[in-house]
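Here is the file upload.cif (mmCIF, C-alpha atoms).
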data_model
loop_
_atom_site.label_atom_id
_atom_site.label_comp_id
_atom_site.auth_asym_id
_atom_site.auth_seq_id
_atom_site.Cartn_x
_atom_site.Cartn_y
_atom_site.Cartn_z
CA MET A 736 7.99 112.54 98.40
CA LEU A 737 4.41 112.93 97.24
CA ASN A 738 2.32 109.80 97.66
CA PHE A 739 0.51 109.79 94.34
CA ALA A 740 -0.98 106.38 95.15
CA ARG A 741 -3.26 107.90 97.76
CA LYS A 742 -6.93 107.98 97.02
CA ASP A 743 -9.08 111.05 97.45
CA GLY A 744 -12.79 110.49 97.23
CA GLY A 745 -12.27 107.29 95.25
CA VAL A 746 -10.10 108.90 92.56
CA ARG A 747 -6.34 108.34 92.53
CA LEU A 748 -4.41 111.57 93.05
CA ASP A 749 -2.15 110.95 90.05
CA THR A 750 -5.20 110.34 87.85
CA ARG A 751 -6.78 113.54 89.04
CA LEU A 752 -3.59 115.55 88.43
CA ALA A 753 -3.27 114.13 84.95
CA SER A 754 -6.81 115.24 84.21
CA TYR A 755 -5.85 118.81 85.10
CA GLY A 756 -3.43 118.82 82.18
CA ALA A 757 -6.22 117.79 79.84
CA MET A 758 -8.41 120.56 81.27
CA ALA A 759 -5.70 123.14 80.61
CA VAL A 760 -5.26 122.00 77.00
CA ALA A 761 -9.01 122.08 76.44
CA ALA A 762 -9.18 125.58 77.90
CA ALA A 763 -6.37 126.79 75.66
CA LEU A 764 -7.92 125.28 72.54
CA GLY A 765 -11.31 126.70 73.44
CA GLY A 766 -9.95 130.18 74.09
CA ALA A 767 -11.17 130.18 77.68
CA THR A 768 -10.94 133.47 79.57
CA PRO A 769 -8.73 133.73 82.67
CA ALA A 770 -10.10 133.16 86.15
CA ARG A 771 -12.09 136.09 87.55
CA ALA A 772 -12.75 137.22 83.97
CA ALA A 773 -16.00 138.81 85.14
CA VAL A 774 -14.08 141.38 87.24
CA ILE A 775 -12.76 144.14 84.99
CA VAL A 776 -9.95 146.23 86.53
CA HIS A 777 -8.54 149.37 84.96
CA ASP A 778 -5.05 149.81 86.41
CA ILE A 779 -4.42 153.36 85.18
CA PRO A 780 -1.36 155.50 85.90
CA ASP A 781 -2.01 157.41 89.13
CA ILE A 782 -3.87 160.69 88.55
CA THR A 783 -3.22 163.26 91.29
CA LEU A 784 -5.50 166.29 91.60
CA GLY A 785 -4.90 169.65 93.26
CA PHE A 786 -7.26 172.56 93.86
CA GLY A 787 -9.49 173.16 90.86
CA ASP A 788 -8.64 169.83 89.24
CA PHE A 789 -10.97 167.00 88.34
CA VAL A 790 -10.86 163.65 86.58
CA SER A 791 -13.81 162.05 84.85
CA PHE A 792 -13.59 158.26 84.58
CA ASN A 793 -15.62 155.55 82.90
CA VAL A 794 -15.67 152.38 84.99
CA GLN A 795 -16.76 150.25 82.04
CA THR A 796 -14.29 151.39 79.37
CA GLY A 797 -11.41 152.59 81.54
CA ALA A 798 -11.37 156.02 79.85
CA THR A 799 -10.31 159.06 81.90
CA SER A 800 -10.26 162.77 81.18
CA GLN A 801 -9.07 165.84 83.08
CA THR A 802 -10.58 168.24 80.55
CA ASN A 803 -13.98 166.75 79.71
CA SER A 804 -16.12 166.41 82.81
CA SER A 805 -18.89 164.53 80.97
CA LEU A 806 -16.66 161.82 79.49
CA GLY A 807 -17.13 159.23 82.20
CA GLN A 808 -19.63 157.87 84.68
CA PHE A 809 -18.03 159.41 87.78
CA LEU A 810 -16.23 162.67 88.53
CA LEU A 811 -13.56 163.10 91.22
CA SER A 812 -12.85 166.74 92.14
CA VAL A 813 -10.77 168.84 94.54
CA PHE A 814 -11.70 172.43 95.27
CA SER A 815 -11.55 175.34 97.68
CA SER A 816 -14.43 177.78 97.62
CA SER A 817 -16.50 180.32 99.52
CA PHE A 818 -19.71 179.50 101.30
CA PHE A 819 -22.23 182.35 101.71
CA SER A 820 -19.27 184.69 100.98
CA SER A 821 -18.01 184.40 104.54
CA SER A 822 -16.98 180.81 105.21
CA PHE A 823 -14.30 179.14 103.14
CA PHE A 824 -13.90 175.40 102.82
CA GLU A 825 -11.94 172.84 100.84
CA ALA A 826 -13.14 169.45 99.76
CA VAL A 827 -12.66 166.28 97.77
CA PHE A 828 -15.88 164.89 96.37
CA LEU A 829 -17.09 162.19 94.02
CA THR A 830 -20.09 162.68 91.75
CA PRO A 831 -22.12 160.13 89.76
CA TRP A 832 -22.64 161.60 86.31
CA ASN A 833 -25.59 159.58 85.03
CA SER A 834 -29.09 159.34 86.44
CA GLY A 835 -29.50 156.27 88.64
CA ASP A 836 -25.78 155.74 89.22
CA GLY A 837 -24.59 156.05 92.79
CA ILE A 838 -21.80 156.17 95.34
CA ALA A 839 -21.80 154.20 98.59
CA SER A 840 -22.75 156.72 101.26
CA ALA A 841 -22.10 156.94 104.99
CA GLY A 842 -24.90 159.51 105.27
CA ASN A 843 -25.01 163.32 105.39
CA SER A 844 -23.43 163.54 101.93
CA TYR A 845 -20.25 161.76 103.02
CA ALA A 846 -18.91 158.83 100.98
CA GLN A 847 -18.38 155.55 102.78
CA ARG A 848 -14.72 154.56 102.90
CA LEU A 849 -14.19 150.85 102.29
CA ILE A 850 -11.02 148.85 102.97
CA ALA A 851 -9.48 146.01 100.97
CA GLY A 852 -11.56 142.86 100.89
CA GLN A 853 -14.91 144.51 101.56
CA THR A 854 -17.94 143.67 99.44
CA VAL A 855 -19.71 146.16 97.21
CA ASP A 856 -23.29 145.08 96.55
CA GLY A 857 -26.92 146.09 97.03
CA ASN A 858 -26.58 145.98 100.80
CA LEU A 859 -24.71 149.28 100.76
CA ALA A 860 -26.59 152.58 100.80
CA PHE A 861 -25.97 154.34 97.47
CA SER A 862 -26.56 158.02 96.81
CA SER A 863 -27.09 159.54 93.37
CA THR A 864 -25.74 162.92 94.53
CA SER A 865 -22.18 164.17 95.13
CA GLN A 866 -20.54 162.59 98.16
CA TYR A 867 -17.68 164.16 100.10
CA LEU A 868 -14.58 162.10 100.75
CA PHE A 869 -13.10 165.01 102.66
CA LEU A 870 -14.57 168.36 103.73
CA ARG A 871 -13.31 170.98 106.15
CA SER A 872 -13.90 174.61 106.99
CA LEU A 873 -11.01 177.03 106.77
CA THR A 874 -12.69 179.67 108.92
CA THR A 875 -14.63 177.91 111.68
CA ALA A 876 -12.92 174.95 113.28
CA GLY A 877 -15.14 171.92 113.55
CA SER A 878 -17.98 173.40 111.53
CA PHE A 879 -17.60 170.61 108.99
CA GLY A 880 -16.71 166.99 109.60
CA ALA A 881 -13.61 165.75 107.81
CA GLY A 882 -15.32 162.74 106.24
CA GLN A 883 -14.15 159.15 106.24
CA TRP A 884 -11.03 159.98 104.20
CA GLY A 885 -10.12 162.66 106.74
CA ASN A 886 -6.80 162.26 108.49
CA PRO A 887 -5.58 165.68 109.73
CA GLY A 888 -1.94 166.25 108.88
CA GLY A 889 -1.64 163.05 106.85
CA PHE A 890 -3.13 160.97 104.11
CA ARG A 891 -5.63 158.14 103.91
CA ARG A 892 -6.34 155.63 101.18
CA GLY A 893 -9.60 153.79 100.68
CA PHE A 894 -12.23 152.57 98.26
CA ALA A 895 -15.43 154.23 97.14
CA GLY A 896 -18.20 151.79 96.30
CA LEU A 897 -19.86 152.44 92.95
CA ARG A 898 -23.15 151.47 91.34
CA PHE A 899 -24.09 152.05 87.72
CA PHE A 900 -26.37 150.65 85.04
CA LEU A 901 -25.58 149.08 81.67
CA ASN A 902 -28.53 148.38 79.37
CA GLY A 903 -30.83 148.68 82.35
CA ALA A 904 -28.88 146.13 84.44
CA GLU A 905 -27.29 147.06 87.77
CA HIS A 906 -23.51 146.67 88.16
CA PHE A 907 -21.20 147.24 91.12
CA GLY A 908 -17.64 148.52 91.23
CA TRP A 909 -15.10 150.49 93.22
CA ALA A 910 -12.53 153.27 92.89
CA ASP A 911 -9.22 153.25 94.79
CA ILE A 912 -8.57 156.81 96.04
CA THR A 913 -6.07 158.51 98.35
CA VAL A 914 -6.74 161.88 100.01
CA ASP A 915 -3.56 163.70 101.11
CA ASP A 916 -3.80 166.48 103.67
CA THR A 917 -0.10 166.75 104.53
CA SER A 918 0.24 170.21 102.95
CA ASN A 919 -2.06 171.38 100.18
CA LEU A 920 -5.10 169.16 99.85
CA SER A 921 -4.90 166.66 96.99
CA ALA A 922 -6.53 163.44 95.84
CA THR A 923 -5.13 160.57 93.78
CA LEU A 924 -7.12 158.10 91.70
CA HIS A 925 -5.14 154.84 91.54
CA CYS A 926 -7.43 152.46 89.71
CA PHE A 927 -11.06 151.36 89.43
CA ALA A 928 -12.95 148.17 88.68
CA TYR A 929 -16.39 146.70 88.12
CA GLU A 930 -18.15 143.35 87.99
CA SER A 931 -19.31 142.72 84.42
CA THR A 932 -21.96 140.24 85.52
CA PRO A 933 -25.16 142.16 86.38
CA ASN A 934 -26.40 142.20 89.97
CA THR A 935 -23.22 140.52 91.20
CA ALA A 936 -21.14 141.65 94.18
CA ILE A 937 -17.50 142.64 93.85
CA ARG A 938 -14.80 142.84 96.51
CA THR A 939 -12.31 145.67 96.79
CA SER A 940 -8.66 144.80 96.23
CA ALA A 941 -5.46 146.41 97.50
CA ASP A 942 -3.69 145.16 94.37
CA CYS A 943 -5.08 146.79 91.23
CA SER A 944 -3.71 143.96 89.10
CA ALA A 945 -5.23 141.18 91.21
CA PRO A 946 -8.94 141.77 91.89
CA GLN A 947 -10.62 139.85 94.66
CA GLY A 948 -13.69 137.95 93.60
CA ASN A 949 -15.11 134.47 93.90
CA VAL A 950 -12.55 131.72 94.48
CA PRO A 951 -11.27 130.94 90.97
CA GLU A 952 -10.69 127.62 89.31
CA PRO A 953 -6.99 126.73 88.84
CA SER A 954 -5.40 128.76 86.06
CA SER A 955 -4.30 127.09 82.84
CA ALA A 956 -0.63 127.34 83.85
CA ALA A 957 -1.34 125.72 87.21
CA LEU A 958 -3.38 122.99 85.56
CA LEU A 959 -0.56 122.21 83.16
CA ALA A 960 1.94 121.99 86.02
CA LEU A 961 -0.30 119.70 88.04
CA GLY A 962 -1.09 117.66 84.96
CA ALA A 963 2.62 117.13 84.24
CA ALA A 964 3.18 115.89 87.78
CA GLY A 965 0.25 113.53 87.46
CA MET A 966 1.40 112.13 84.10
CA THR A 967 4.90 111.48 85.49
CA ALA A 968 3.49 109.55 88.44
CA TYR A 969 1.12 107.66 86.14
CA ARG A 970 3.98 106.50 83.87
CA ARG A 971 6.06 105.39 86.87
CA ARG A 972 3.13 103.40 88.20
CA ARG A 973 2.69 101.67 84.85
CA LYS A 974 6.38 100.80 84.66
CA ALA A 975 6.30 99.32 88.13
CA ALA A 976 3.21 97.20 87.34
#
Could I get this file's structure written as structure tokens?
Amino acid sequence: MLNFARKDGGVRLDTRLASYGAMAVAAALGGATPARAAVIVHDIPDITLGFGDFVSFNVQTGATSQTNSSLGQFLLSVFSSSFFSSSFFEAVFLTPWNSGDGIASAGNSYAQRLIAGQTVDGNLAFSSTSQYLFLRSLTTAGSFGAGQWGNPGGFRRGFAGLRFFLNGAEHFGWADITVDDTSNLSATLHCFAYESTPNTAIRTSADCSAPQGNVPEPSSAALLALGAAGMTAYRRRRKAA
């Protein structure tokens, strides 16, 4: 049984729990936004691209287009082409559409592949030019590196770190992307997110519906549950007195 009569920092536990219920009611009446409200996630239906396909996406609004390349802030593309008319290659690349926007780079025009829980902020090196997630030559083995999404004969999922500007203020975000090299090269955009507070870091998340950010305050539902437990203990204590 819970010992609600314990003290924690001079405040009875049952009193503290009861106060959570009041906090939840106040939040509901005040129209408070959910925890992590500053992290905006766009959990779109998966968009899979083959050769010659692209998707333009707007990290702020969540809009995507596979016909209008200038719709969004970033462009994900898959292609196979000739190089100097003698060397053929295929690639997946990500391009920032607006001046000043950027993609976290590993150097040499390759995008940096992040994993879940990593931080996207000003400490990353951002490039304002197209960055390859995957690049390989079809004529000369080893003439091009595969990139950080490269996984010969398989597929690899990861996050591209993004930087863009709204009203002159810097914002950070990420895009969750899989590159599949099992047969014909393809790329899938799963979701993307950004931190709506300027100059604030964001962490990548393996769950598109549950972004990782700063440790949140208890949600309204949790506060109500804790508050109910506290009120019950408070009434029992009063009866016993």
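Going from atom CA of Glu905 of chain A over to atom CA of Cys943 of chain A, you cover 22.5 Å.
The nearest approach to Asp778 of chain A among the residues A:Ala941, A:Leu901, A:Leu829, A:Cys926, with all atoms listed in the file taken into account, belongs to A:Cys926.
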Worksheet entry | Protein and nucleic acid residues near (-10.5, 144.2, 86.2) (cut-off 8 Å, only C-alpha atoms) as a PyMOL selection string | chain A and resi 772-778+927-930+943-946
For the structure shown, which residues end up in the PyMOL selection byres ((chain A and resi 881) around 6)? Put them as a JSON list (two decimals) with C-alpha atoms, keeping the file's coordinate frame, please?
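Contents of result_18.json, freshly written:
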[["chain", "number", "residue", "atom", "x", "y", "z"],
["A", 869, "PHE", "CA", -13.10, 165.01, 102.66],
["A", 870, "LEU", "CA", -14.57, 168.36, 103.73],
["A", 871, "ARG", "CA", -13.31, 170.98, 106.15],
["A", 880, "GLY", "CA", -16.71, 166.99, 109.60],
["A", 882, "GLY", "CA", -15.32, 162.74, 106.24],
["A", 885, "GLY", "CA", -10.12, 162.66, 106.74]]
Explicit residue set for the PyMOL selection byres ((chain A and resi 892) around 7), as a short mmCIF file (atom, residue, chain, number, x, y, z; two decimals) with C-alpha atoms, keeping the file's coordinate frame:
data_model
loop_
_atom_site.label_atom_id
_atom_site.label_comp_id
_atom_site.auth_asym_id
_atom_site.auth_seq_id
_atom_site.Cartn_x
_atom_site.Cartn_y
_atom_site.Cartn_z
CA PHE A 890 -3.13 160.97 104.11
CA ARG A 891 -5.63 158.14 103.91
CA GLY A 893 -9.60 153.79 100.68
CA ILE A 912 -8.57 156.81 96.04
CA THR A 913 -6.07 158.51 98.35
CA VAL A 914 -6.74 161.88 100.01
#
Worksheet entry | Atomic distance atom CA of Glu825 of chain A - atom CA of Gln853 of chain A, expressed in Å with one decimal |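 These two atoms are separated by 28.5 Å.
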Item to complete: For the structure provided, state which residues fall under the PyMOL selection byres ((chain A and resi 848) around 7), and present them as a ChimeraX atom specification.
Response: /A:846-847,849-850,883-884,893-895
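One finds atom CA of Tyr845 of chain A at 22.2 Å from atom CA of Ser918 of chain A.
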Discussion item. Let me make sure I understand: among A:Leu868, A:Ala851, A:Leu811, A:Leu806, which one has the smallest atom-to-atom distance to Ser940 of chain A if we use only C-alpha atoms?
Written reply: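 Of all the options, A:Ala851 lies closest to Ser940 of chain A.
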